[in-house]
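Undergrad: Pasting in a structure now, in structure tokens, and then I'll have a few things to ask.
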Amino acid sequence: MNSKDNIFSPASKKYLRHNIAEAKEQEVFFRARYDLAAQEIKDIRVVARGNEQMAPAIVNNLNPGDCVIHNHPSGDLRPSAADIKLASRLGNRGIGFIIINNEARDYYIVVEPEEADTCKPLPADKIKAILKSQGKLDQVMENFQEREGQLEILSRIITAFNDNETILLEAGTGIGKSFAYLLPAIFWSQINSGPVVVSTNTINLQQQLLEKDLVTLKKTISFDFKATLVKGRNNYLCQRKLYNALKNKEELQKNKELFRIINYLQKEITTDNFAGTKSSISFYIANEYWQEVNSESHLCLNNHCPYFADCYFQLDRKKIHKSDVLIVNHHLLLADAVLKNNQFSVLPDYQKLIIDEAHNLADVATQISGLDFYPSLAKKMIEKLTNSINSPLVKLRNNYYELSFSKREEIINILDQRIWPTAKAILELIKNYQQELNNLYDSSDFKMRIKEDTFSTADSENWQAAGEELLSKFNYLNNLMEEIIILIENEEENSLDNQKEQPVLEITGMKNRLDGLSESLALNINYQQHLSEYVFWLEKKPCYNNNIIQKNGRIEVAEFLTETLFTRLTSCILTSATLAIEDSFTYFKRKLGLKKAASKKVSSPFDYAKQAQIFAPIDIPEVTETGFISAINDKLSRFLVTRRGAALILFTSYAMLNKVKKEIKTPLKKAGISLLIQGEEPRNKILQSLRQNQGSVLLGTNSFWEGVDVPGEALSSLIIMRLPFAVPSDPLVAARFELIAKKGKNPFWNEALPQAIIKFKQGFGRLIRNKKDQGEVIILDKRIWTKSYGKKFINSLPSGCQIDNYWPDNP
């Protein structure tokens, strides 16, 4: 019990008791404010109800000075592990956490609330003046025009920052939303001495922000600021691994390609312009070679490393902590948020977050939240452990560390007699396990969903038994490495502090990596226990030599995002050109777990009525009919020839893409029109060809529905072959449909249709990129006219769009 007996007034206690009784004395979460002067809890209200085992912790939009109060029905006020985890997250934001009993007589303050937020507000008029006519931006930008929509977005973001809001903002193409969110980020960091994180989904947008937008804004602002692109650790060269490899020249020369790369890098690091990242290297390095020299957290010695002072990763990390604006991608953002739960991360603490291309956030969260198992990668790891010149076990066996102490003979015996044979056995077990997966795989698709009744009892037992045997060997290998660590640590005669290398740290890192493999394998072979939260499937990909991989993902990511990310923030701006469906943000709010977030839509300044002609011919077969391609082929070919190419054709499957490619290839070739096909060359090269060769036609699927920015005459026609509904048999899609149905809702209207409309809007946005662009859009799926839901696609188009139900002028 706490000594501050007057922290709850009689009225507050009565309110607490009443609501706990209403919840039948199960767990209830309350939100309150702490009056520091009076040392009293005030403004208490209920935010969530649960049960004794688990209550939802709805803590979005809490501010410093707020408190979370919840009861323990048992009367035991000691915080549980879940309490401590939540209290720690809240405490970092200045939010208190208090446990009470059901009678509200006794309480325990786990985290003291801080004084109310003292952050200084953004100067709205001063910031907005920069983007107005005769303002600073007008003075440095050619052809500057004041944009009403841009100022509207800017004003709303300033309010969200000042009032600690989370808001979804749909900003149509051409508004200039990047300036509208970068300015508040820059000013907030300068005024309140804390970083603001900006997350994007694509490299192209990151480059635009860093190399163009922020460079321009520097000319408009009187104070200096620093912006940094944050990269994942694996992108950096590790000098210790590089020099370790050079010390083992005899081993290194057995691999000519690796020998060539390492010799090149040895020379490169002596130059002043080498940034130490993979992207700064002038030639392509395959991942299998880069992994021999890149930085890895589980092999990092941190300040024990002899190259720590010059470490590329550590130097960039110092820049990160001195920066005002941090540019990241969604993957790194969420991976870092997960690491923050484990008290370690790359990014410093931050409370203001801007998420551009926010329509991709849920998909990235699904990837991050899963624990996939790749047998081929497990095989490479074990081979690396026993054969790589950078393996701490190999270096220990070769006396690389120059440790001379009494336990060396015992360590060598463990390596030779137990670890090497165990590793060899694991490689054989991985091979057997892969074969069991191949035996299970019975699908013409690349993905095969695993449900409770997918396999026969015999097949399931064989596979899971093989998995358990492999898992047991992983654990045994881990125990052997732990034995070696203990032997080294307990050797009194040997002082590790004086060694250049510390094998304990390296072996521990490798052991932790093996723990990760074990965790992934265990989740996948014991999938039955997790089917309420996860969907599991087998996948066959050409890039993995058609080996089977095991994948999984959370069916819903709202709770994951809330717990790992949103509860850490005081403000979050989520923006994109495609967040609303018929002016409603309900779909994304539900998907991201932001049901109470504010929202605003600002339309594009483009005059679509004049800039875009839209056609959706109705006198064609249904896109689902067998003869669809044959029926539209002649008109499609003639259209492309008469328009001299300059077209992007969007598909929802490679199968349809290949059929169309086969039909139009000859007539286009005769007309001298180049055909660019997704997958035949790197994406950037394909887009560069489309921009430079105005007589080209690009055929693209999933990834080309967004992120394509080709203004001008190089792209004047956009053809949408089919409305972009997700494949219902896809494991994630099917699992989400089932969950929605269990909740008594319609999966089509609540998931399939909203998702298709968002993607349709993204695809449509590829054509008109600036106020001078003009072009034609042809939609070849007549369901837009014949189905009741077709109107929703039409209504999702920008204001001013008119659709004709015939082919454009006599193609």
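Residues are named by chain letter and number: chains run A, B, ... in the order of the structure tokens, numbers start at 1 in each chain, and ligands are numbered from 1 in the order shown.
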Which of range 312-469 of chain A end up as helix (DSSP H, G or I) when DSSP is run on this backbone - answer as a ChimeraX atom specification?
TA: /A:312-321,330-341,358-369,375-387,392-397,408-440,457-469
Undergrad: Please provide as an MDAnalysis selection string all residues within 10 Å of range 768-785 of chain A, with the sequence filter that same-chain residues fewer than 4 positions apart are discarded (counting only C-alpha atoms).
TA: chainID A and resid 173:175 605:608 610:624 628 632 636 646:650 708:713 715:724 764 789:794 803:808
Undergrad: Name the residues of range 236-430 of chain A that come out as strand (DSSP E) in a backbone DSSP run; write them as a PyMOL selection string.
TA: chain A and resi 325-329+352-355
Undergrad: Could you write out that same residue set with C-alpha atoms as a short mmCIF file (atom, residue, chain, number, x, y, z; two decimals), in the first residue's frame?
TA:
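Output file selection_5.cif follows:
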data_model
loop_
_atom_site.label_atom_id
_atom_site.label_comp_id
_atom_site.auth_asym_id
_atom_site.auth_seq_id
_atom_site.Cartn_x
_atom_site.Cartn_y
_atom_site.Cartn_z
CA VAL A 325 14.61 14.34 -38.40
CA LEU A 326 15.15 10.61 -38.89
CA ILE A 327 14.06 9.01 -42.18
CA VAL A 328 13.32 5.27 -41.94
CA ASN A 329 11.33 2.66 -43.84
CA LYS A 352 6.29 12.27 -32.71
CA LEU A 353 5.99 10.00 -35.73
CA ILE A 354 4.99 10.69 -39.33
CA ILE A 355 4.09 7.69 -41.49
#
Undergrad: Which neighbours of Phe179 in chain A fall inside 12 Å, counting only C-alpha atoms, when residues of the same chain fewer than 4 positions from it are skipped, and could you give them as number ranges by chain?
TA: A: 127-128, 130-131, 137, 147, 149-151, 153-155, 157, 174-175, 183-186, 208-210, 212-218, 220, 356
Undergrad: For the selection you just gave me, I'd like the residues written to a file as a PDB file, in the first residue's frame, keeping N, CA and C atoms.
TA:
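Result file follows (selection30.pdb):
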ATOM      1  N   ILE A 127       5.192  29.041 -39.347  1.00  0.00           N
ATOM      2  CA  ILE A 127       5.444  27.905 -40.236  1.00  0.00           C
ATOM      3  C   ILE A 127       4.628  28.040 -41.517  1.00  0.00           C
ATOM      4  N   LYS A 128       3.352  28.398 -41.367  1.00  0.00           N
ATOM      5  CA  LYS A 128       2.490  28.504 -42.553  1.00  0.00           C
ATOM      6  C   LYS A 128       2.966  29.599 -43.507  1.00  0.00           C
ATOM      7  N   ILE A 130       5.845  30.203 -44.476  1.00  0.00           N
ATOM      8  CA  ILE A 130       6.885  29.683 -45.373  1.00  0.00           C
ATOM      9  C   ILE A 130       6.275  29.171 -46.674  1.00  0.00           C
ATOM     10  N   LEU A 131       5.061  28.606 -46.595  1.00  0.00           N
ATOM     11  CA  LEU A 131       4.436  27.989 -47.764  1.00  0.00           C
ATOM     12  C   LEU A 131       3.440  28.906 -48.466  1.00  0.00           C
ATOM     13  N   LEU A 137       9.658  29.929 -49.221  1.00  0.00           N
ATOM     14  CA  LEU A 137       9.708  28.919 -50.282  1.00  0.00           C
ATOM     15  C   LEU A 137       9.507  29.566 -51.651  1.00  0.00           C
ATOM     16  N   ARG A 147      -0.497  26.646 -52.454  1.00  0.00           N
ATOM     17  CA  ARG A 147      -1.474  25.572 -52.597  1.00  0.00           C
ATOM     18  C   ARG A 147      -2.381  25.541 -51.367  1.00  0.00           C
ATOM     19  N   GLY A 149      -4.605  23.300 -50.524  1.00  0.00           N
ATOM     20  CA  GLY A 149      -4.627  21.982 -49.889  1.00  0.00           C
ATOM     21  C   GLY A 149      -3.392  21.732 -49.036  1.00  0.00           C
ATOM     22  N   GLN A 150      -2.245  22.184 -49.505  1.00  0.00           N
ATOM     23  CA  GLN A 150      -1.007  22.017 -48.752  1.00  0.00           C
ATOM     24  C   GLN A 150      -1.073  22.758 -47.423  1.00  0.00           C
ATOM     25  N   LEU A 151      -1.580  23.996 -47.441  1.00  0.00           N
ATOM     26  CA  LEU A 151      -1.711  24.779 -46.213  1.00  0.00           C
ATOM     27  C   LEU A 151      -2.731  24.149 -45.270  1.00  0.00           C
ATOM     28  N   ILE A 153      -3.397  20.884 -45.031  1.00  0.00           N
ATOM     29  CA  ILE A 153      -2.725  19.731 -44.421  1.00  0.00           C
ATOM     30  C   ILE A 153      -1.729  20.190 -43.363  1.00  0.00           C
ATOM     31  N   LEU A 154      -0.943  21.212 -43.695  1.00  0.00           N
ATOM     32  CA  LEU A 154       0.049  21.735 -42.763  1.00  0.00           C
ATOM     33  C   LEU A 154      -0.605  22.194 -41.466  1.00  0.00           C
ATOM     34  N   SER A 155      -1.687  22.939 -41.585  1.00  0.00           N
ATOM     35  CA  SER A 155      -2.376  23.456 -40.401  1.00  0.00           C
ATOM     36  C   SER A 155      -2.875  22.317 -39.518  1.00  0.00           C
ATOM     37  N   ILE A 157      -1.679  19.244 -39.310  1.00  0.00           N
ATOM     38  CA  ILE A 157      -0.562  18.537 -38.678  1.00  0.00           C
ATOM     39  C   ILE A 157      -0.020  19.336 -37.497  1.00  0.00           C
ATOM     40  N   GLY A 174      -0.233  15.631 -55.742  1.00  0.00           N
ATOM     41  CA  GLY A 174       0.002  17.003 -56.164  1.00  0.00           C
ATOM     42  C   GLY A 174      -0.190  18.047 -55.084  1.00  0.00           C
ATOM     43  N   ILE A 175      -0.628  17.635 -53.891  1.00  0.00           N
ATOM     44  CA  ILE A 175      -0.834  18.595 -52.803  1.00  0.00           C
ATOM     45  C   ILE A 175       0.493  19.122 -52.261  1.00  0.00           C
ATOM     46  N   LEU A 183       8.001  20.369 -42.417  1.00  0.00           N
ATOM     47  CA  LEU A 183       8.165  21.628 -41.674  1.00  0.00           C
ATOM     48  C   LEU A 183       7.786  21.489 -40.202  1.00  0.00           C
ATOM     49  N   PRO A 184       6.618  20.926 -39.844  1.00  0.00           N
ATOM     50  CA  PRO A 184       6.330  20.727 -38.419  1.00  0.00           C
ATOM     51  C   PRO A 184       7.360  19.825 -37.733  1.00  0.00           C
ATOM     52  N   ALA A 185       7.844  18.814 -38.447  1.00  0.00           N
ATOM     53  CA  ALA A 185       8.851  17.916 -37.863  1.00  0.00           C
ATOM     54  C   ALA A 185      10.124  18.677 -37.527  1.00  0.00           C
ATOM     55  N   ILE A 186      10.582  19.503 -38.457  1.00  0.00           N
ATOM     56  CA  ILE A 186      11.823  20.270 -38.261  1.00  0.00           C
ATOM     57  C   ILE A 186      11.665  21.247 -37.103  1.00  0.00           C
ATOM     58  N   GLN A 208      13.701  11.182 -52.299  1.00  0.00           N
ATOM     59  CA  GLN A 208      13.082  12.471 -52.583  1.00  0.00           C
ATOM     60  C   GLN A 208      13.140  13.378 -51.354  1.00  0.00           C
ATOM     61  N   LEU A 209      12.819  12.817 -50.184  1.00  0.00           N
ATOM     62  CA  LEU A 209      12.823  13.615 -48.955  1.00  0.00           C
ATOM     63  C   LEU A 209      14.225  14.135 -48.636  1.00  0.00           C
ATOM     64  N   LEU A 210      15.215  13.270 -48.738  1.00  0.00           N
ATOM     65  CA  LEU A 210      16.575  13.641 -48.333  1.00  0.00           C
ATOM     66  C   LEU A 210      17.302  14.482 -49.373  1.00  0.00           C
ATOM     67  N   LYS A 212      16.000  16.093 -52.099  1.00  0.00           N
ATOM     68  CA  LYS A 212      15.275  17.179 -52.749  1.00  0.00           C
ATOM     69  C   LYS A 212      14.526  18.047 -51.739  1.00  0.00           C
ATOM     70  N   ASP A 213      13.530  17.478 -51.071  1.00  0.00           N
ATOM     71  CA  ASP A 213      12.639  18.282 -50.222  1.00  0.00           C
ATOM     72  C   ASP A 213      13.364  18.930 -49.045  1.00  0.00           C
ATOM     73  N   LEU A 214      14.146  18.150 -48.304  1.00  0.00           N
ATOM     74  CA  LEU A 214      14.840  18.702 -47.144  1.00  0.00           C
ATOM     75  C   LEU A 214      15.938  19.681 -47.549  1.00  0.00           C
ATOM     76  N   VAL A 215      16.563  19.420 -48.680  1.00  0.00           N
ATOM     77  CA  VAL A 215      17.587  20.352 -49.198  1.00  0.00           C
ATOM     78  C   VAL A 215      16.940  21.701 -49.502  1.00  0.00           C
ATOM     79  N   THR A 216      15.754  21.670 -50.116  1.00  0.00           N
ATOM     80  CA  THR A 216      15.034  22.913 -50.424  1.00  0.00           C
ATOM     81  C   THR A 216      14.613  23.637 -49.155  1.00  0.00           C
ATOM     82  N   LEU A 217      14.088  22.889 -48.177  1.00  0.00           N
ATOM     83  CA  LEU A 217      13.611  23.517 -46.947  1.00  0.00           C
ATOM     84  C   LEU A 217      14.741  24.135 -46.132  1.00  0.00           C
ATOM     85  N   LYS A 218      15.948  23.595 -46.247  1.00  0.00           N
ATOM     86  CA  LYS A 218      17.091  24.199 -45.547  1.00  0.00           C
ATOM     87  C   LYS A 218      17.290  25.655 -45.958  1.00  0.00           C
ATOM     88  N   THR A 220      14.979  27.736 -46.555  1.00  0.00           N
ATOM     89  CA  THR A 220      13.853  28.568 -46.116  1.00  0.00           C
ATOM     90  C   THR A 220      13.815  28.784 -44.612  1.00  0.00           C
ATOM     91  N   ASP A 356       4.364   8.197 -43.842  1.00  0.00           N
ATOM     92  CA  ASP A 356       3.904   8.415 -45.214  1.00  0.00           C
ATOM     93  C   ASP A 356       3.747   7.045 -45.876  1.00  0.00           C
TER      94      ASP A 356
END
Undergrad: So, with only C-alpha atoms as the atoms that count, which of A:Arg45, A:Arg105, A:Lys669, A:Lys662 lies closest to Leu699 in chain A?
TA: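 With only C-alpha atoms as the atom set, the closest residue is A:Lys662.
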Undergrad: Set the distance at 12 Å and use only C-alpha atoms: which residues neighbour Leu265 in chain A once local chain neighbours fewer than 2 positions away are removed? I'd like the list as a PyMOL selection string.
TA: chain A and resi 237-239+241-243+245-246+258-263+267-271+274-278+280-283+285+289-290+293-294
Undergrad: For a test of reading the model, state the distance in Å between CA of Ile581 in chain A and CA of Ile758 in chain A, rounded to one decimal.
TA: 7.3 Å
